[in-house]
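A.B. asks: Dropping the structure in here first, questions after.
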Amino acid sequence: MFKIYIQDLVIGSNKIEQSEPSSIFGETLEKFVGDVKVKGKLIKLANHYNLDVTINASLILKCDLTLEDFTEEITANLNVNIFDTIAGNKLGDEEAIYLDKDQKYIDITDKIYEEIILAIPMKKVAPEVRGKSLEEIFPNLVNNDSPVNNTWDALKNIKLINN
């Protein structure tokens, strides 16, 4: 789990650098490879924190053009506000994290997973075929020298009876 211990943090900027195996996310549809790395800073004020980190992870994706698996390095940014709850009052910021009075750490595992998933490109194209046309990727499908299959040409001569 990505836990940031907040009990002994000094007021001001605190360096955050953590690496966890991708298995911390459990069973997912995405195939993670190696470790997930988080690097950035946590700024502590009186009863407010601001977390600003960069996330790096490797995933195995399926190419939309060739249908082959490839490994893609995903980089995402996470910027979240963290507040101490005062007598249970919450400010209404849905993206923020609210801490209990006696909480010793912040668990950002779910937020990290969400940011990685949102950073996956919509069009997944393997690096070896990026920028290439379909004719360059599949030259055997664009062979103009092959004879045309005329099997269905006989159907053009059928005369239909209209009632």
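Letters for chains follow the order of the structure tokens (A, B, ...), residue numbers begin at 1 for each chain, and ligand numbers begin at 1 in the order shown.
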Would you mind listing, for every residue of segment 53-148 of chain A within 6 Å of segment 13-37 of chain A, the two atoms forming the shortest contact and the distance between them in Å to one decimal, using only C-alpha atoms, sorted by chain and ascending residue number, as a Markdown table?

C.D. replies:
| residue | atom | partner | partner_atom | distance |
| --- | --- | --- | --- | --- |
| A:Ile55 | CA | A:Lys37 | CA | 5.7 |
| A:Asn56 | CA | A:Lys37 | CA | 5.1 |
| A:Ala57 | CA | A:Val36 | CA | 4.7 |
| A:Ser58 | CA | A:Val33 | CA | 5.3 |
| A:Leu59 | CA | A:Phe32 | CA | 4.4 |
| A:Ile60 | CA | A:Lys31 | CA | 5.3 |

A.B. asks: Kindly export the residues of the current selection with N, CA and C atoms, as an mmCIF file, in the first residue's frame.

C.D. replies:
data_model
loop_
_atom_site.group_PDB
_atom_site.id
_atom_site.type_symbol
_atom_site.label_atom_id
_atom_site.label_comp_id
_atom_site.auth_asym_id
_atom_site.auth_seq_id
_atom_site.Cartn_x
_atom_site.Cartn_y
_atom_site.Cartn_z
ATOM 1 N N ILE A 55 3.641 9.728 -10.954
ATOM 2 C CA ILE A 55 3.510 8.280 -10.846
ATOM 3 C C ILE A 55 4.058 7.651 -12.121
ATOM 4 N N ASN A 56 4.877 6.609 -11.972
ATOM 5 C CA ASN A 56 5.403 5.855 -13.115
ATOM 6 C C ASN A 56 5.051 4.388 -12.942
ATOM 7 N N ALA A 57 4.493 3.794 -13.997
ATOM 8 C CA ALA A 57 4.138 2.377 -13.974
ATOM 9 C C ALA A 57 4.256 1.821 -15.384
ATOM 10 N N SER A 58 4.507 0.531 -15.483
ATOM 11 C CA SER A 58 4.560 -0.147 -16.778
ATOM 12 C C SER A 58 3.383 -1.096 -16.879
ATOM 13 N N LEU A 59 2.711 -1.055 -18.029
ATOM 14 C CA LEU A 59 1.561 -1.925 -18.264
ATOM 15 C C LEU A 59 1.736 -2.676 -19.571
ATOM 16 N N ILE A 60 1.140 -3.852 -19.632
ATOM 17 C CA ILE A 60 1.090 -4.604 -20.883
ATOM 18 C C ILE A 60 -0.244 -4.274 -21.529
#

A.B. asks: When you look at segment 81-86 of chain A with a cut-off of 10 Å (counting only C-alpha atoms), what residues show up, excluding the ones that are within fewer than 2 positions of it in the same chain? I need them as a ChimeraX atom specification.

C.D. replies: /A:42-52,79,88-91,93,95-103,106

A.B. asks: Would you give me, as an MDAnalysis selection string, the residues in chain A that DSSP reads as strand (DSSP E)?

C.D. replies: chainID A and resid 3:5 12:21 31:44 48:62 69:84 97:99 105:107

A.B. asks: Which polymer residues have any atom within 6 Å of an atom of segment 108-122 of chain A, counting only C-alpha atoms, with same-chain residues fewer than 2 positions away left out, as a ChimeraX atom specification?

C.D. replies: /A:1-2,76

A.B. asks: Could you check which of A:Thr54, A:Leu65, A:Ala154, A:Lys39 is closest to Glu136 of chain A, using only C-alpha atoms?

C.D. replies: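 Among the listed residues, the smallest separation from Glu136 of chain A belongs to A:Leu65.
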
A.B. asks: Find the residues near Lys62 of chain A: any atom within 10 Å, counting only C-alpha atoms, skip ones fewer than 5 places away on the same chain, and give them as JSON, numbers by chain.

C.D. replies: {"A": [67, 68, 69, 70, 71, 72, 123, 124, 125, 126]}

A.B. asks: Using C-alpha atoms, can you write the selected residues to a file as an mmCIF file, in the first residue's frame?

C.D. replies:
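Generated file (out-v3.cif):
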data_model
loop_
_atom_site.group_PDB
_atom_site.id
_atom_site.type_symbol
_atom_site.label_atom_id
_atom_site.label_comp_id
_atom_site.auth_asym_id
_atom_site.auth_seq_id
_atom_site.Cartn_x
_atom_site.Cartn_y
_atom_site.Cartn_z
ATOM 1 C CA LEU A 67 -3.504 -7.148 -31.716
ATOM 2 C CA GLU A 68 -0.121 -7.982 -30.206
ATOM 3 C CA ASP A 69 0.860 -7.254 -26.610
ATOM 4 C CA PHE A 70 3.416 -4.544 -25.875
ATOM 5 C CA THR A 71 4.762 -2.876 -22.746
ATOM 6 C CA GLU A 72 4.026 0.826 -22.274
ATOM 7 C CA LYS A 123 -5.662 4.459 -28.869
ATOM 8 C CA LYS A 124 -3.158 1.792 -27.934
ATOM 9 C CA VAL A 125 -0.532 1.499 -30.679
ATOM 10 C CA ALA A 126 2.695 -0.465 -30.273
#

A.B. asks: Got a sec to tell me which of chain A DSSP assigns to helix (DSSP H, G or I), as a ChimeraX atom specification?

C.D. replies: /A:22-25,109-119,127-129,134-137,139-142,151-157
